[in-house]
file work_4.cif (mmCIF, C-alpha atoms)
data_run
#
loop_
_atom_site.label_atom_id
_atom_site.label_comp_id
_atom_site.auth_asym_id
_atom_site.auth_seq_id
_atom_site.Cartn_x
_atom_site.Cartn_y
_atom_site.Cartn_z
CA MET A 1064 -33.65 -17.76 5.90
CA THR A 1065 -34.28 -20.79 3.71
CA GLN A 1066 -31.15 -22.49 2.46
CA THR A 1067 -31.16 -22.43 -1.35
CA MET A 1068 -28.08 -24.50 -2.15
CA PRO A 1069 -25.86 -27.17 -0.55
CA VAL A 1070 -23.53 -26.05 2.22
CA PRO A 1071 -20.01 -25.93 0.76
CA HIS A 1072 -17.33 -28.15 2.27
CA GLY A 1073 -14.09 -26.21 2.21
CA LEU A 1074 -13.53 -22.83 0.69
CA PRO A 1075 -14.42 -22.80 -3.05
CA MET A 1076 -11.50 -20.65 -4.21
CA ASP A 1077 -10.41 -22.39 -7.43
CA ARG A 1078 -10.06 -19.79 -10.18
CA ASP A 1079 -11.71 -20.51 -13.50
CA ALA A 1080 -10.14 -20.02 -16.93
CA ASN A 1081 -10.15 -16.21 -16.58
CA PRO A 1082 -7.40 -15.29 -14.09
CA PHE A 1083 -9.22 -12.06 -13.14
CA ASP A 1084 -12.69 -13.38 -12.32
CA PRO A 1085 -13.81 -14.61 -8.89
CA PRO A 1086 -14.31 -18.37 -8.57
CA ARG A 1087 -17.63 -19.34 -10.14
CA GLU A 1088 -18.79 -21.15 -6.99
CA ILE A 1089 -18.17 -18.02 -4.88
CA THR A 1090 -20.25 -15.98 -7.32
CA ARG A 1091 -23.11 -18.50 -7.09
CA LEU A 1092 -22.96 -18.50 -3.29
CA ARG A 1093 -23.07 -14.71 -3.13
CA ALA A 1094 -26.13 -14.57 -5.39
CA ALA A 1095 -28.00 -17.23 -3.41
CA ARG A 1096 -26.95 -16.56 0.16
CA PRO A 1097 -24.42 -13.74 0.85
CA VAL A 1098 -23.96 -15.02 4.42
CA SER A 1099 -23.66 -18.77 3.97
CA PRO A 1100 -22.92 -21.73 6.25
CA LEU A 1101 -19.57 -23.36 5.55
CA VAL A 1102 -18.10 -26.67 6.62
CA PHE A 1103 -14.31 -26.61 6.98
CA PRO A 1104 -12.26 -29.60 5.78
CA ASP A 1105 -11.94 -30.89 9.36
CA GLY A 1106 -15.73 -30.86 9.82
CA HIS A 1107 -15.85 -27.63 11.83
CA GLU A 1108 -18.92 -25.55 10.93
CA GLY A 1109 -18.59 -21.83 10.29
CA TRP A 1110 -19.71 -19.12 7.90
CA LEU A 1111 -18.65 -17.60 4.58
CA VAL A 1112 -19.52 -13.94 3.90
CA THR A 1113 -19.49 -12.84 0.25
CA GLY A 1114 -22.00 -9.97 -0.12
CA TYR A 1115 -20.68 -6.39 -0.16
CA ASP A 1116 -23.05 -5.00 2.47
CA ALA A 1117 -22.55 -7.95 4.82
CA VAL A 1118 -18.75 -7.84 4.48
CA ARG A 1119 -18.67 -4.12 5.15
CA GLN A 1120 -20.95 -4.49 8.19
CA LEU A 1121 -18.90 -7.38 9.57
CA MET A 1122 -15.56 -5.57 9.22
CA ALA A 1123 -16.94 -2.52 11.02
CA ASP A 1124 -18.19 -4.65 13.94
CA THR A 1125 -15.47 -5.32 16.53
CA ARG A 1126 -17.57 -8.10 18.03
CA PHE A 1127 -16.11 -10.09 15.13
CA SER A 1128 -12.65 -10.59 16.60
CA SER A 1129 -9.43 -10.62 14.54
CA ARG A 1130 -7.52 -12.54 17.20
CA LEU A 1131 -6.03 -15.92 16.32
CA ASP A 1132 -5.93 -17.09 19.94
CA LEU A 1133 -9.68 -17.37 20.46
CA GLY A 1134 -10.44 -20.58 18.60
CA VAL A 1135 -10.03 -20.11 14.88
CA VAL A 1136 -9.52 -23.61 13.50
CA HIS A 1137 -6.84 -24.65 11.03
CA VAL A 1138 -7.91 -24.46 7.41
CA PRO A 1139 -5.64 -24.47 4.34
CA TYR A 1140 -6.63 -20.95 3.34
CA GLU A 1141 -5.14 -18.39 5.66
CA THR A 1142 -5.46 -14.70 6.33
CA PRO A 1143 -2.89 -13.15 3.97
CA GLY A 1144 0.41 -13.18 5.74
CA MET A 1145 -0.90 -14.74 8.94
CA PRO A 1146 -0.56 -18.35 10.12
CA VAL A 1147 -3.83 -19.96 11.21
CA PRO A 1148 -2.94 -22.50 13.92
CA THR A 1149 -4.41 -25.93 14.45
CA GLU A 1150 -5.55 -24.72 17.84
CA PRO A 1151 -5.79 -21.36 19.60
CA SER A 1152 -2.30 -19.89 19.90
CA PRO A 1153 -0.76 -16.97 21.77
CA GLN A 1154 -0.83 -13.60 20.06
CA ILE A 1155 2.36 -12.62 18.27
CA PRO A 1156 3.65 -9.40 19.87
CA GLY A 1157 3.35 -6.39 17.60
CA VAL A 1158 1.31 -8.08 14.88
CA PHE A 1159 -1.66 -5.80 15.41
CA ILE A 1160 -3.60 -7.09 12.38
CA ALA A 1161 -4.44 -10.08 14.64
CA MET A 1162 -5.47 -7.99 17.66
CA ASP A 1163 -8.63 -6.28 18.85
CA PRO A 1164 -8.99 -2.93 20.62
CA PRO A 1165 -7.52 -1.77 22.95
CA ASP A 1166 -4.30 -3.71 22.12
CA HIS A 1167 -4.75 -3.01 18.42
CA THR A 1168 -5.44 0.68 19.11
CA ARG A 1169 -2.32 1.13 21.25
CA LEU A 1170 0.02 -0.16 18.55
CA ARG A 1171 -1.69 1.24 15.49
CA ARG A 1172 -1.84 4.78 16.81
CA ARG A 1173 1.95 4.77 17.01
CA LEU A 1174 1.97 4.53 13.21
CA THR A 1175 -0.87 6.75 12.04
CA GLY A 1176 1.35 9.81 11.69
CA ALA A 1177 3.78 7.94 9.45
CA PHE A 1178 1.17 7.07 6.82
CA THR A 1179 -1.06 10.14 6.60
CA VAL A 1180 -2.32 11.42 3.24
CA LYS A 1181 -0.26 14.57 3.78
CA ARG A 1182 2.97 12.66 4.39
CA MET A 1183 2.34 10.42 1.37
CA LYS A 1184 1.84 13.50 -0.83
CA GLN A 1185 5.15 14.82 0.43
CA LEU A 1186 6.77 11.51 -0.52
CA GLU A 1187 5.13 11.33 -3.94
CA GLU A 1188 7.91 13.14 -5.81
CA HIS A 1189 10.52 10.83 -4.31
CA ILE A 1190 8.45 7.73 -5.13
CA VAL A 1191 8.21 8.94 -8.75
CA GLU A 1192 12.03 9.27 -8.78
CA VAL A 1193 12.45 5.72 -7.45
CA THR A 1194 10.00 4.47 -10.10
CA GLU A 1195 11.74 6.31 -12.94
CA ARG A 1196 15.16 4.98 -11.92
CA GLN A 1197 13.81 1.44 -12.01
CA LEU A 1198 12.25 2.06 -15.43
CA ASP A 1199 15.60 3.43 -16.64
CA ALA A 1200 17.25 0.20 -15.54
CA MET A 1201 14.57 -1.90 -17.22
CA ALA A 1202 14.83 0.09 -20.47
CA ARG A 1203 18.54 -0.74 -20.67
CA LEU A 1204 17.76 -4.47 -20.75
CA ALA A 1205 17.16 -6.43 -23.93
CA PRO A 1206 13.58 -7.72 -23.96
CA PRO A 1207 11.94 -9.99 -23.06
CA VAL A 1208 12.23 -9.31 -19.33
CA ASP A 1209 10.32 -10.44 -16.27
CA LEU A 1210 8.30 -7.42 -15.14
CA VAL A 1211 8.01 -8.82 -11.60
CA ARG A 1212 11.77 -9.07 -11.08
CA GLU A 1213 12.76 -5.92 -12.95
CA PHE A 1214 9.99 -3.53 -11.90
CA ALA A 1215 6.95 -4.64 -9.89
CA LEU A 1216 8.90 -6.08 -6.94
CA PRO A 1217 11.85 -3.63 -6.74
CA VAL A 1218 9.77 -0.41 -6.67
CA PRO A 1219 7.69 -1.08 -3.51
CA SER A 1220 10.62 -2.93 -1.91
CA LEU A 1221 12.90 0.09 -2.38
CA VAL A 1222 10.25 2.44 -1.03
CA ILE A 1223 9.29 0.43 2.05
CA CYS A 1224 12.95 -0.32 2.89
CA GLU A 1225 13.71 3.39 2.77
CA LEU A 1226 10.67 4.31 4.87
CA LEU A 1227 11.28 1.66 7.51
CA GLY A 1228 15.06 1.92 7.54
CA VAL A 1229 15.68 -1.64 6.28
CA PRO A 1230 18.89 -1.93 4.21
CA TYR A 1231 17.83 -2.70 0.63
CA GLU A 1232 20.94 -4.83 0.15
CA ASN A 1233 19.29 -7.32 2.53
CA ARG A 1234 16.28 -7.66 0.24
CA ASP A 1235 17.04 -11.29 -0.63
CA THR A 1236 16.59 -12.20 3.03
CA PHE A 1237 13.17 -10.65 3.43
CA GLN A 1238 11.85 -11.26 -0.10
CA THR A 1239 12.73 -14.97 0.01
CA ASN A 1240 11.30 -15.53 3.48
CA SER A 1241 8.22 -13.39 2.78
CA ALA A 1242 7.46 -15.52 -0.27
CA LYS A 1243 7.94 -18.75 1.71
CA PHE A 1244 5.70 -17.45 4.48
CA LEU A 1245 2.83 -16.76 2.04
CA VAL A 1246 2.69 -20.24 0.47
CA LYS A 1247 -0.74 -21.80 1.10
CA GLU A 1248 -0.10 -25.51 1.02
CA GLN A 1249 2.62 -25.98 3.61
CA THR A 1250 2.91 -27.16 7.17
CA LEU A 1251 2.73 -24.73 10.05
CA GLU A 1252 6.34 -25.73 10.84
CA GLU A 1253 7.49 -24.64 7.36
CA LYS A 1254 5.59 -21.39 7.63
CA MET A 1255 6.97 -20.61 11.06
CA ALA A 1256 10.53 -21.41 9.91
CA ALA A 1257 10.24 -18.64 7.32
CA TYR A 1258 8.66 -16.37 9.92
CA GLY A 1259 11.46 -17.16 12.36
CA ALA A 1260 14.20 -16.37 9.84
CA LEU A 1261 12.59 -13.05 8.99
CA THR A 1262 11.92 -11.99 12.58
CA THR A 1263 15.42 -12.98 13.73
CA TYR A 1264 16.80 -10.55 11.15
CA LEU A 1265 14.28 -7.83 12.10
CA ALA A 1266 14.89 -8.24 15.85
CA GLU A 1267 18.58 -7.51 15.30
CA LEU A 1268 17.65 -4.51 13.15
CA VAL A 1269 15.23 -2.92 15.65
CA THR A 1270 17.67 -3.55 18.50
CA SER A 1271 20.35 -1.64 16.60
CA LYS A 1272 17.90 1.20 15.92
CA ARG A 1273 17.00 1.44 19.59
CA ALA A 1274 20.72 1.85 20.32
CA ALA A 1275 21.38 4.30 17.46
CA PRO A 1276 18.15 5.60 15.89
CA GLY A 1277 18.12 7.16 12.43
CA GLU A 1278 15.55 9.04 10.35
CA ASP A 1279 13.08 6.28 9.57
CA ILE A 1280 9.84 4.76 10.85
CA LEU A 1281 11.43 1.89 12.79
CA SER A 1282 13.78 4.32 14.51
CA ASP A 1283 10.82 6.55 15.42
CA LEU A 1284 9.07 3.53 16.93
CA ALA A 1285 12.21 2.38 18.73
CA ARG A 1286 12.32 5.68 20.60
CA HIS A 1287 9.13 4.66 22.44
CA ASP A 1288 10.24 2.88 25.61
CA ASP A 1289 6.78 1.36 26.12
CA LEU A 1290 7.25 -0.80 23.00
CA THR A 1291 9.24 -3.97 23.62
CA VAL A 1292 11.77 -5.33 21.13
CA GLU A 1293 9.33 -8.19 20.47
CA GLU A 1294 6.57 -5.71 19.65
CA LEU A 1295 8.89 -3.65 17.45
CA THR A 1296 9.88 -6.83 15.62
CA GLY A 1297 6.24 -7.82 15.04
CA ILE A 1298 5.36 -4.36 13.74
CA ALA A 1299 8.41 -4.37 11.44
CA PHE A 1300 7.43 -7.82 10.13
CA LEU A 1301 3.89 -6.70 9.39
CA LEU A 1302 4.88 -3.43 7.70
CA LEU A 1303 7.66 -4.98 5.63
CA LEU A 1304 5.50 -7.88 4.46
CA ALA A 1305 2.46 -5.76 3.64
CA GLY A 1306 4.54 -2.90 2.29
CA HIS A 1307 6.09 -4.77 -0.60
CA GLU A 1308 4.07 -7.94 -1.26
CA THR A 1309 0.67 -6.38 -1.91
CA THR A 1310 1.81 -3.46 -4.09
CA ALA A 1311 4.25 -5.63 -6.04
CA ASN A 1312 1.44 -8.02 -6.92
CA MET A 1313 -0.91 -5.18 -7.82
CA LEU A 1314 1.67 -3.68 -10.20
CA ALA A 1315 2.36 -6.99 -11.93
CA LEU A 1316 -1.20 -8.36 -12.01
CA GLY A 1317 -2.56 -4.92 -12.91
CA THR A 1318 -0.21 -4.70 -15.89
CA PHE A 1319 -1.30 -8.20 -16.95
CA ALA A 1320 -4.96 -7.17 -16.68
CA LEU A 1321 -4.42 -4.01 -18.76
CA LEU A 1322 -2.50 -5.92 -21.44
CA GLU A 1323 -5.39 -8.38 -21.61
CA HIS A 1324 -7.89 -5.50 -21.94
CA PRO A 1325 -6.34 -3.49 -24.79
CA ASP A 1326 -9.38 -1.21 -25.15
CA GLN A 1327 -9.04 -0.10 -21.51
CA LEU A 1328 -5.29 0.25 -21.88
CA ALA A 1329 -5.74 2.43 -24.97
CA GLU A 1330 -8.17 4.71 -23.14
CA LEU A 1331 -5.76 5.05 -20.23
CA ARG A 1332 -2.88 5.89 -22.56
CA ALA A 1333 -5.05 8.46 -24.37
CA ASP A 1334 -6.14 10.16 -21.13
CA PRO A 1335 -3.61 9.87 -18.27
CA ASP A 1336 -6.02 11.86 -16.07
CA LEU A 1337 -8.01 8.63 -15.78
CA LEU A 1338 -5.19 7.03 -13.80
CA PRO A 1339 -6.45 7.72 -10.24
CA ASP A 1340 -9.83 6.14 -11.09
CA ALA A 1341 -8.10 3.33 -12.98
CA VAL A 1342 -5.97 2.48 -9.93
CA GLU A 1343 -9.10 2.24 -7.73
CA GLU A 1344 -10.77 0.08 -10.38
CA LEU A 1345 -7.78 -2.25 -10.61
CA LEU A 1346 -7.73 -2.53 -6.81
CA ARG A 1347 -11.42 -3.48 -6.85
CA TYR A 1348 -11.27 -5.72 -9.88
CA LEU A 1349 -8.21 -7.74 -8.82
CA THR A 1350 -8.46 -7.75 -4.97
CA VAL A 1351 -5.10 -9.47 -4.47
CA GLY A 1352 -5.66 -9.85 -0.70
CA ASP A 1353 -8.91 -11.80 -0.65
CA VAL A 1354 -9.60 -14.11 2.28
CA PHE A 1355 -9.71 -12.93 5.91
CA TYR A 1356 -10.94 -14.57 9.11
CA ARG A 1357 -13.00 -13.33 12.02
CA TYR A 1358 -14.32 -14.99 15.19
CA ALA A 1359 -17.75 -14.19 16.64
CA THR A 1360 -17.41 -13.25 20.31
CA GLU A 1361 -21.20 -13.32 20.81
CA ASP A 1362 -24.34 -14.14 18.83
CA ILE A 1363 -24.52 -11.56 16.01
CA GLU A 1364 -27.16 -10.91 13.34
CA LEU A 1365 -25.63 -10.50 9.88
CA GLY A 1366 -27.40 -10.48 6.54
CA GLY A 1367 -30.52 -12.12 7.91
CA GLU A 1368 -28.55 -14.91 9.58
CA THR A 1369 -27.52 -15.47 13.20
CA ILE A 1370 -23.79 -16.03 13.54
CA GLY A 1371 -23.45 -18.03 16.74
CA LYS A 1372 -20.91 -17.13 19.42
CA GLY A 1373 -17.66 -18.99 18.81
CA SER A 1374 -18.17 -19.30 15.04
CA THR A 1375 -15.27 -18.91 12.63
CA VAL A 1376 -16.25 -16.53 9.82
CA VAL A 1377 -14.47 -16.44 6.46
CA VAL A 1378 -14.66 -13.11 4.60
CA SER A 1379 -14.14 -12.88 0.83
CA LEU A 1380 -13.22 -9.33 -0.18
CA LEU A 1381 -12.96 -10.46 -3.81
CA ALA A 1382 -16.59 -11.61 -3.80
CA ALA A 1383 -17.72 -8.40 -2.10
CA ASN A 1384 -15.86 -6.25 -4.63
CA HIS A 1385 -17.62 -8.11 -7.46
CA ASP A 1386 -21.11 -7.84 -5.93
CA PRO A 1387 -23.55 -6.58 -8.61
CA ARG A 1388 -25.70 -5.05 -5.85
CA ARG A 1389 -22.86 -2.55 -5.31
CA PHE A 1390 -20.98 -2.35 -8.63
CA GLU A 1391 -22.69 -2.43 -12.03
CA HIS A 1392 -21.23 -5.10 -14.34
CA PRO A 1393 -18.69 -5.95 -11.63
CA ASP A 1394 -16.77 -8.57 -13.64
CA THR A 1395 -15.90 -5.96 -16.28
CA LEU A 1396 -12.72 -3.90 -15.99
CA ASP A 1397 -13.73 -0.27 -16.57
CA VAL A 1398 -11.08 2.44 -16.07
CA HIS A 1399 -13.86 5.07 -16.10
CA ARG A 1400 -15.60 3.50 -13.10
CA LYS A 1401 -15.78 5.41 -9.82
CA ALA A 1402 -14.78 2.42 -7.71
CA ARG A 1403 -14.18 4.27 -4.43
CA GLY A 1404 -15.88 2.33 -1.69
CA HIS A 1405 -14.25 -0.94 -2.75
CA LEU A 1406 -13.07 -3.11 0.12
CA SER A 1407 -9.59 -4.05 -1.11
CA PHE A 1408 -8.01 -2.21 1.81
CA GLY A 1409 -10.54 -3.66 4.23
CA HIS A 1410 -12.90 -1.59 6.35
CA GLY A 1411 -13.26 -0.56 9.97
CA VAL A 1412 -10.45 -0.44 12.54
CA HIS A 1413 -8.27 -2.79 10.50
CA GLN A 1414 -8.48 -0.81 7.26
CA CYS A 1415 -5.03 -0.89 5.66
CA LEU A 1416 -2.68 1.60 7.28
CA GLY A 1417 -0.55 1.92 4.15
CA GLN A 1418 -3.34 2.38 1.61
CA GLN A 1419 -2.26 5.93 0.65
CA LEU A 1420 1.31 4.74 0.11
CA ALA A 1421 0.04 1.92 -2.10
CA ARG A 1422 -2.03 4.36 -4.16
CA VAL A 1423 0.94 6.69 -4.69
CA GLU A 1424 3.16 3.77 -5.73
CA MET A 1425 0.58 2.39 -8.14
CA ARG A 1426 -0.15 5.76 -9.74
CA ALA A 1427 3.57 6.38 -10.21
CA GLY A 1428 4.21 2.82 -11.38
CA PHE A 1429 1.46 2.55 -13.96
CA ALA A 1430 1.96 6.11 -15.23
CA GLY A 1431 5.68 5.58 -15.75
CA LEU A 1432 5.33 2.14 -17.27
CA LEU A 1433 2.67 3.17 -19.80
CA ARG A 1434 4.56 6.32 -20.77
CA ARG A 1435 8.00 4.75 -21.08
CA PHE A 1436 6.92 1.54 -22.80
CA PRO A 1437 4.17 2.46 -25.30
CA THR A 1438 4.47 -0.88 -27.14
CA LEU A 1439 4.64 -3.10 -24.04
CA GLU A 1440 3.11 -6.55 -24.59
CA LEU A 1441 3.23 -10.05 -23.17
CA ALA A 1442 6.18 -12.11 -24.36
CA ILE A 1443 4.31 -15.40 -23.85
CA PRO A 1444 0.67 -16.47 -24.38
CA ALA A 1445 -1.59 -15.28 -21.55
CA ASN A 1446 -2.49 -18.84 -20.56
CA GLU A 1447 1.18 -19.55 -19.85
CA VAL A 1448 1.54 -16.78 -17.24
CA LYS A 1449 2.27 -18.40 -13.86
CA LEU A 1450 -0.47 -17.30 -11.46
CA ARG A 1451 0.00 -17.13 -7.69
CA THR A 1452 -2.92 -19.45 -6.96
CA ASP A 1453 -0.61 -21.19 -4.48
CA MET A 1454 -0.06 -18.02 -2.43
CA ASN A 1455 -2.09 -16.08 0.12
CA ILE A 1456 -1.67 -12.87 -1.86
CA TYR A 1457 -2.79 -13.30 -5.47
CA GLY A 1458 -0.78 -12.14 -8.46
CA VAL A 1459 1.71 -13.59 -10.92
CA HIS A 1460 5.00 -15.30 -10.17
CA GLU A 1461 6.52 -13.96 -13.37
CA LEU A 1462 5.29 -11.68 -16.16
CA PRO A 1463 7.52 -11.93 -19.26
CA VAL A 1464 7.04 -8.77 -21.34
CA THR A 1465 8.60 -7.31 -24.45
CA TRP A 1466 8.49 -4.11 -26.48
CA THR A 1467 9.29 -3.30 -30.09
CA GLU A 1468 11.00 0.08 -29.88
CA THR A 1469 13.44 1.90 -27.68
CA ALA A 1470 11.80 2.91 -24.40
CA GLY A 1471 12.08 6.64 -23.81
#

call {"tool": "encode", "arguments": {"input": "work_4.cif", "output": "structure tokens"}}
result
Amino acid sequence: MTQTMPVPHGLPMDRDANPFDPPREITRLRAARPVSPLVFPDGHEGWLVTGYDAVRQLMADTRFSSRLDLGVVHVPYETPGMPVPTEPSPQIPGVFIAMDPPDHTRLRRRLTGAFTVKRMKQLEEHIVEVTERQLDAMARLAPPVDLVREFALPVPSLVICELLGVPYENRDTFQTNSAKFLVKEQTLEEKMAAYGALTTYLAELVTSKRAAPGEDILSDLARHDDLTVEELTGIAFLLLLAGHETTANMLALGTFALLEHPDQLAELRADPDLLPDAVEELLRYLTVGDVFYRYATEDIELGGETIGKGSTVVVSLLAANHDPRRFEHPDTLDVHRKARGHLSFGHGVHQCLGQQLARVEMRAGFAGLLRRFPTLELAIPANEVKLRTDMNIYGVHELPVTWTETAG
């Protein structure tokens, strides 16, 4: 295929003025060459995949390895939640997001029963109760309040702590270290210090559950003698991190997006039955977990290009979810859109295990928030909202909001 534009040096991820649009350079690359050569900052040559069809094909192909010990080079943009080392590094036990089959299969199948659609439906009523209690607490506060601190972060944190059997009173430990771990521009030593603090806590927790199991997911896992404490700790780390960071950012950034699109917000308020479609559309439109890495274990044809064995491949889910070949007017937020098929939860063997839980939490969260706070609005100008451009999961650091009547 003829190259139609210069090969980018580094990953062009700078957001433009609109906090919800993909970077302009990514959009140009996708239009010109959906599978594009890429030169990393250290001079290493790899590939950037931005087209919907190519991303979906790549993520379904296990010849594109997820392992971090095969030669993925250090770049300043990491797989959300995962350190990318300066050289190949040993696999972290239990962290199956960075494994291939059969290791990935062995660990993931231990968890599939815990996150089924049926089990999430059974939990839905309880998740609504958790959400309503948090909204009660928020309604008692005098506005303005920070929606992240008072609602978006507590709801998924409460739910995942309860599911896993992590004491919620220890939330400062895992929330602080999770946030430190997800900072982009930091040394590997700083990142691993946060990881170490979190896993030290979780290792003690899973050890206690192995000795005296309760009625929770970590206890269920601890009953399996073939799982080591190190593996249990890695699984707990992955589930705790993914279980509160992604949904918290979707709730906060999604609220910001709706407040900045008052016509869509009005339609959603007028017809609450639109909520399931609106949640899928917000997932597609915002794509808070964007950049992932793969490693070609052999020569592979993708999108008319040959990805050479040993190549590092960067995948942009945000670009794929805004591909006009798949979604009409993709940069427009449309709560009527049937956005199923978006790639925000990934695709293939690594598709997000907790996606049904996230959907239930978002439906409950947005429904409750819009019902209880009919006059909700930003308390500061939109351009003053602090965006998480410095983090590996996108969102807002704070979202000051206010309302003009008693929430009911």

call {"tool": "atom_distance", "arguments": {"input": "work_4.cif", "atom1": "CA of His1413 (chain A)", "atom2": "CA of Val1102 (chain A)"}}
result
26.1 Å

call {"tool": "axis_aligned_box", "arguments": {"input": "work_4.cif", "around": "region 1322-1329 of chain A", "padding_each_side": "6 Å", "output": "JSON"}}
result
{"center_x": -5.9, "center_y": -3.0, "center_z": -23.3, "size_x": 18.9, "size_y": 22.8, "size_z": 15.7}

call {"tool": "resolve_selection", "arguments": {"input": "work_4.cif", "expression": "the PyMOL selection byres ((chain A and resi 1317) around 9)", "output": "ChimeraX atom specification"}}
result
/A:1312-1316,1318-1322,1342,1345-1346,1349,1429,1458

call {"tool": "closest_residue", "arguments": {"input": "work_4.cif", "among": "A:Ala1094, A:Met1425, A:Ala1257, A:Leu1210", "to": "Thr1310 (chain A)", "atoms": "all atoms listed in the file"}}
result
A:Met1425

call {"tool": "resolve_selection", "arguments": {"input": "work_4.cif", "expression": "the PyMOL selection byres ((chain A and resi 1202) around 10)", "output": "PDB file with C-alpha atoms, keeping the file's coordinate frame"}}
result
ATOM      1  CA  ARG A1196      15.160   4.980 -11.920  1.00  0.00           C
ATOM      2  CA  GLN A1197      13.810   1.440 -12.010  1.00  0.00           C
ATOM      3  CA  LEU A1198      12.250   2.060 -15.430  1.00  0.00           C
ATOM      4  CA  ASP A1199      15.600   3.430 -16.640  1.00  0.00           C
ATOM      5  CA  ALA A1200      17.250   0.200 -15.540  1.00  0.00           C
ATOM      6  CA  MET A1201      14.570  -1.900 -17.220  1.00  0.00           C
ATOM      7  CA  ARG A1203      18.540  -0.740 -20.670  1.00  0.00           C
ATOM      8  CA  LEU A1204      17.760  -4.470 -20.750  1.00  0.00           C
ATOM      9  CA  ALA A1205      17.160  -6.430 -23.930  1.00  0.00           C
ATOM     10  CA  PRO A1206      13.580  -7.720 -23.960  1.00  0.00           C
ATOM     11  CA  VAL A1208      12.230  -9.310 -19.330  1.00  0.00           C
ATOM     12  CA  GLU A1213      12.760  -5.920 -12.950  1.00  0.00           C
ATOM     13  CA  ARG A1435       8.000   4.750 -21.080  1.00  0.00           C
ATOM     14  CA  PHE A1436       6.920   1.540 -22.800  1.00  0.00           C
ATOM     15  CA  TRP A1466       8.490  -4.110 -26.480  1.00  0.00           C
ATOM     16  CA  THR A1469      13.440   1.900 -27.680  1.00  0.00           C
ATOM     17  CA  ALA A1470      11.800   2.910 -24.400  1.00  0.00           C
ATOM     18  CA  GLY A1471      12.080   6.640 -23.810  1.00  0.00           C
TER      19      GLY A1471
END

call {"tool": "residues_near_point", "arguments": {"input": "work_4.cif", "point": "(-11.2, -0.1, -16.2)", "cutoff": "6 Å", "atoms": "only C-alpha atoms", "output": "PyMOL selection string"}}
result
chain A and resi 1327+1341+1344+1396-1399

call {"tool": "atom_distance", "arguments": {"input": "work_4.cif", "atom1": "CA of Asp1235 (chain A)", "atom2": "CA of Asp1209 (chain A)"}}
result
17.0 Å

call {"tool": "atom_distance", "arguments": {"input": "work_4.cif", "atom1": "CA of Glu1368 (chain A)", "atom2": "CA of Arg1091 (chain A)"}}
result
17.9 Å

call {"tool": "closest_residue", "arguments": {"input": "work_4.cif", "among": "A:Leu1261, A:Leu1380, A:Val1423, A:Leu1450", "to": "Val1193 (chain A)", "atoms": "all atoms listed in the file"}}
result
A:Val1423

call {"tool": "resolve_selection", "arguments": {"input": "work_4.cif", "expression": "the PyMOL selection byres ((chain A and resi 1301-1304) around 9)", "output": "ChimeraX atom specification"}}
result
/A:1144,1157-1160,1220,1223-1224,1227,1229,1237-1238,1241,1296-1300,1305-1309,1417

call {"tool": "residues_around", "arguments": {"input": "work_4.cif", "residues": "Gln1154 (chain A)", "least_positions_apart": "3", "cutoff": "9 Å", "atoms": "only C-alpha atoms", "output": "ChimeraX atom specification"}}
result
/A:1130-1132,1157-1158,1161-1162

call {"tool": "residues_near_point", "arguments": {"input": "work_4.cif", "point": "(17.3, -5.9, -4.4)", "cutoff": "9 Å", "atoms": "only C-alpha atoms", "output": "PDB file with C-alpha atoms, in the frame of the given file"}}
result
ATOM      1  CA  LEU A1216       8.900  -6.080  -6.940  1.00  0.00           C
ATOM      2  CA  PRO A1217      11.850  -3.630  -6.740  1.00  0.00           C
ATOM      3  CA  SER A1220      10.620  -2.930  -1.910  1.00  0.00           C
ATOM      4  CA  LEU A1221      12.900   0.090  -2.380  1.00  0.00           C
ATOM      5  CA  TYR A1231      17.830  -2.700   0.630  1.00  0.00           C
ATOM      6  CA  GLU A1232      20.940  -4.830   0.150  1.00  0.00           C
ATOM      7  CA  ASN A1233      19.290  -7.320   2.530  1.00  0.00           C
ATOM      8  CA  ARG A1234      16.280  -7.660   0.240  1.00  0.00           C
ATOM      9  CA  ASP A1235      17.040 -11.290  -0.630  1.00  0.00           C
ATOM     10  CA  GLN A1238      11.850 -11.260  -0.100  1.00  0.00           C
TER      11      GLN A1238
END

call {"tool": "decode", "arguments": {"input": "work_4.cif", "residues": "region 1435-1441 of chain A", "atoms": "N, CA and C atoms", "output": "PDB file, in the first residue's frame"}}
result
ATOM      1  N   ARG A1435     -32.945  12.327  40.173  1.00  0.00           N
ATOM      2  CA  ARG A1435     -32.860  12.998  41.471  1.00  0.00           C
ATOM      3  C   ARG A1435     -32.410  14.452  41.360  1.00  0.00           C
ATOM      4  N   PHE A1436     -31.680  14.768  40.302  1.00  0.00           N
ATOM      5  CA  PHE A1436     -31.139  16.123  40.152  1.00  0.00           C
ATOM      6  C   PHE A1436     -31.555  16.702  38.795  1.00  0.00           C
ATOM      7  N   PRO A1437     -32.831  17.071  38.651  1.00  0.00           N
ATOM      8  CA  PRO A1437     -33.324  17.527  37.347  1.00  0.00           C
ATOM      9  C   PRO A1437     -32.723  18.850  36.879  1.00  0.00           C
ATOM     10  N   THR A1438     -32.128  19.617  37.795  1.00  0.00           N
ATOM     11  CA  THR A1438     -31.531  20.902  37.386  1.00  0.00           C
ATOM     12  C   THR A1438     -30.007  20.865  37.484  1.00  0.00           C
ATOM     13  N   LEU A1439     -29.435  19.683  37.473  1.00  0.00           N
ATOM     14  CA  LEU A1439     -27.976  19.538  37.582  1.00  0.00           C
ATOM     15  C   LEU A1439     -27.282  20.323  36.481  1.00  0.00           C
ATOM     16  N   GLU A1440     -26.221  21.034  36.844  1.00  0.00           N
ATOM     17  CA  GLU A1440     -25.424  21.772  35.856  1.00  0.00           C
ATOM     18  C   GLU A1440     -24.008  21.935  36.375  1.00  0.00           C
ATOM     19  N   LEU A1441     -23.092  22.264  35.463  1.00  0.00           N
ATOM     20  CA  LEU A1441     -21.711  22.510  35.860  1.00  0.00           C
ATOM     21  C   LEU A1441     -21.649  23.740  36.759  1.00  0.00           C
TER      22      LEU A1441
END
